[in-house]
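Chemist: Below is a structure I'd like to ask you about.
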Amino acid sequence: MNTLVIIIILAVFAIEVPYLAKAKRYGEAGVAGAMLTISIIYMLDLIYGWNLPTLREGVSRVFVPVTTLLSNLFI
Amino acid sequence: MPAQPANIKIGGYMLASILLMFDTTTAILFIPPVVAQIAGRDGWMAPLITIPAAVYIVLVTVKLGSLFPGKTIIEYLPLVLGKVLGKIVAWGYLLFLFYLVATVLREAMALLYGTGIFRQTPVQAAALLLVLATTYATASGLESISRTIWYYCVFIVLAYTLYLLGAVPFMNFNELLPVGEAGFNTIMKSTLTPHAYRGELVIIAFLYPYIKNHKEALLGSLSAIALISFFITASIVACMTIMGVEVTSRVYYSAFFLADYIPTSGLKIVFVTIWVIALWGKLTIGQFLITIGMAQVCGFKDYRPLTISVGIMLLVFAEVFYSNTTEMFLSVPATFPGIALFFEYLIPGLLLLIAWLKIKASRGVSPNAPAET
């Protein structure tokens, strides 16, 4: 199923990015292309088990101590 | 130039339905076990204690919106904090929304599969279909989203009220006695996660330019707070008085499993049906906010070219963020209150303070003036 998702992402990439570039909306094409590339990389990560760092891990690293601090206010 | 035409205006009742759907959908599913684990039989007080914080968010975001007419928080952040810091915080808000909405998508899948409604369908297929529906709605624009959510909201509120009313004869209110047994500190500790969920009302700062006027924004938001508080408290009380505090604290989706204790047949299907609609609503609003936010922060005229890419990214993030459902259930209460403190409570408050100081310093000049000079 993950392979199917990658194929769908590649299809969207192949259709959308050239369409936007043709319409001279290079900014939109760049941002959409970047987001789709990130999506493909993370899907490959799921398949091959590269264990790339995710946004969730970054969020946990920064904000779990804050939550702990807040909890400790009410001991 | 705005990423979404400013002539689209939604009424107070539509805003109330958007906020109600955005806040209660996941809160009703996940708050009962969290508060029951910490405060036991006093957990029902937590949603009521969060009301002042919710009113604070509404007052701050509505005031900010009225200081910067026609601008979302993403657009006025650089005006208040300066171009560089403003853009950094704006990207912070987008990442926060990505984290929030991807987690909600994962929670939606956890509901469908964790409750046994779906068993053999691949998770990605169900997620893909849901994202397809939210992407279509996002591309249709805020007017379509708000109208659809308004109609659905009436149906969902009626259906859920009937569901709760059906549970009333089986409630044993002695389960809630003695009141205050957990003690002040423990009860306050149990409010951390509910505070985080209630803080999601910060989306008013994104929606304000599309609301008809100041009065509608205030009335819609405050009536949403009343409804949200009622439904979350009623759900906790129903779970605790029917299933008992112990079971409530151990079972995720305890509101769903209430149906096991009510003799009427087919209630679970009704519950899951209305919740899939509600989750669609929450995901759609989230995806719309991310997409217009991305377009605004990048300075694009139209947000639509980014809609599909944002949808795909949410689909992928929902899958890679958590290796399993248990990890998600442990991670959210440990992380969300910390994020909420900054992005939902502190930053909007600080923005209002700085904006006021800037206006005071410029002595009556328009709030847009400091950034233009």
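Within each chain, counting starts at residue 1; across the structure tokens, chains are named A, B, ... in the order shown, with ligands numbered 1 upward in that order.
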Write out as a VMD selection string all residues of range 31-186 of chain B that backbone DSSP assigns to helix (DSSP H, G or I).
Modeler: chain B and resid 31 to 49 51 to 67 73 to 81 83 to 114 123 to 140 142 to 170 173 to 176 184 to 186
Chemist: Can you list every residue of chain B that has an atom at most 7 Å from chain A, with its nearest atom pair and the distance in Å to one decimal, using only C-alpha atoms, ordered by chain then number, as CSV?
Modeler:
```
residue,atom,partner,partner_atom,distance
B:Tyr99,CA,A:Arg56,CA,6.7
B:Gln124,CA,A:Met1,CA,6.8
B:Asn185,CA,A:Phe74,CA,4.8
B:Thr186,CA,A:Phe74,CA,6.6
B:Met188,CA,A:Phe74,CA,6.7
B:Lys189,CA,A:Phe74,CA,5.7
B:Pro305,CA,A:Glu28,CA,6.5
B:Leu306,CA,A:Ala32,CA,5.7
B:Ser309,CA,A:Ala32,CA,5.6
B:Ile312,CA,A:Ser39,CA,7.0
B:Met313,CA,A:Ser39,CA,5.5
B:Val316,CA,A:Ser39,CA,6.0
B:Val320,CA,A:Leu46,CA,7.0
B:Phe321,CA,A:Arg56,CA,5.6
B:Ala334,CA,A:Val64,CA,5.6
B:Thr335,CA,A:Val64,CA,4.8
B:Pro337,CA,A:Thr67,CA,5.6
B:Gly338,CA,A:Thr67,CA,4.5
B:Ile339,CA,A:Phe63,CA,5.9
```
Chemist: Residues of the last selection are to be written out with C-alpha atoms, as a compact mmCIF listing (two decimals), in the first residue's frame.
Modeler:
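File out_1.txt, as written:
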```txt
# COMPACT_ATOMS: atom_id res chain seq x y z
CA TYR B 99 1.63 18.52 13.85
CA GLN B 124 -3.61 4.04 4.13
CA ASN B 185 -3.63 20.38 42.99
CA THR B 186 -4.65 17.07 41.42
CA MET B 188 -5.71 21.44 38.46
CA LYS B 189 -3.16 18.95 37.10
CA PRO B 305 -2.16 25.25 -5.99
CA LEU B 306 -0.89 24.10 -2.57
CA SER B 309 0.49 18.96 -1.71
CA ILE B 312 -0.45 14.53 0.74
CA MET B 313 1.97 15.82 3.34
CA VAL B 316 2.36 10.99 5.04
CA VAL B 320 5.31 8.51 10.02
CA PHE B 321 4.72 10.53 13.22
CA ALA B 334 2.91 14.52 27.23
CA THR B 335 3.48 17.02 24.41
CA PRO B 337 0.01 21.01 26.87
CA GLY B 338 3.57 22.31 26.33
CA ILE B 339 2.91 23.34 22.72
```
Chemist: Can you list, as an NGL selection string, every protein, DNA or RNA residue that comes within 9 Å of range 193-200 of chain B when you count only C-alpha atoms, leaving out same-chain residues fewer than 3 positions away?
Modeler: :B and (19 or 22-24 or 26-27 or 31 or 34-35 or 46-47 or 49-51 or 53-54 or 57 or 189-190 or 203-204 or 225 or 228 or 332-334 or 336-341 or 343-345)
Chemist: Separation of CA of Gly12 in chain B and CA of Asn213 in chain B, in Å?
Modeler: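 Computing it gives 8.6 Å between the two atoms.
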Chemist: Give me the residues near Val297 in chain B as a VMD selection string, where near means some atom within 8 Å (using only C-alpha atoms) and where sequence neighbours in that chain fewer than 5 positions away do not count.
Modeler: chain B and resid 74 to 75 87 90 to 91
Chemist: Taking only C-alpha atoms into account, which of B:Val55, B:Ile18, B:Ser235, B:Tyr252 comes nearest Thr325 in chain B?
Modeler: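 With only C-alpha atoms as the atom set, the closest residue is B:Tyr252.
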Chemist: At a cut-off of 6 Å, using only C-alpha atoms, what residues contact Phe173 in chain B? Leave out same-chain residues fewer than 2 positions from it and give the result as number ranges by chain.
Modeler: B: 175-176, 241
Chemist: Let's have the selection written as a PDB file, in the first residue's frame, with N, CA and C atoms.
Modeler:
```pdb
ATOM      1  N   GLU B 175     -21.454   7.757  41.734  1.00  0.00           N
ATOM      2  CA  GLU B 175     -20.062   7.510  41.296  1.00  0.00           C
ATOM      3  C   GLU B 175     -19.208   8.774  41.415  1.00  0.00           C
ATOM      4  N   LEU B 176     -19.869   9.947  41.366  1.00  0.00           N
ATOM      5  CA  LEU B 176     -19.114  11.214  41.388  1.00  0.00           C
ATOM      6  C   LEU B 176     -18.864  11.711  42.814  1.00  0.00           C
ATOM      7  N   THR B 241     -20.312   7.975  35.240  1.00  0.00           N
ATOM      8  CA  THR B 241     -21.470   7.502  36.014  1.00  0.00           C
ATOM      9  C   THR B 241     -22.042   6.200  35.456  1.00  0.00           C
TER      10      THR B 241
END
```
Chemist: Pick out the residues sitting within 12 Å of range 284-286 of chain B, and hand them over as an MDAnalysis selection string; count only C-alpha atoms, and ignore anything fewer than 5 positions along from it in its own chain.
Modeler: chainID B and resid 15 17:23 93:105 130:146 148:149 200:204 206:207 276:279 291:293 307 310:311 314
Chemist: Could you tell me how far CA of Gln120 in chain B lies from CA of Asp260 in chain B, in Å and to one decimal?
Modeler: 22.9 Å
Chemist: CA of Leu350 in chain B to CA of Gly92 in chain B: how many Å, to one decimal?
Modeler: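 So the two atoms, CA of Leu350 in chain B and CA of Gly92 in chain B, lie 15.2 Å apart.
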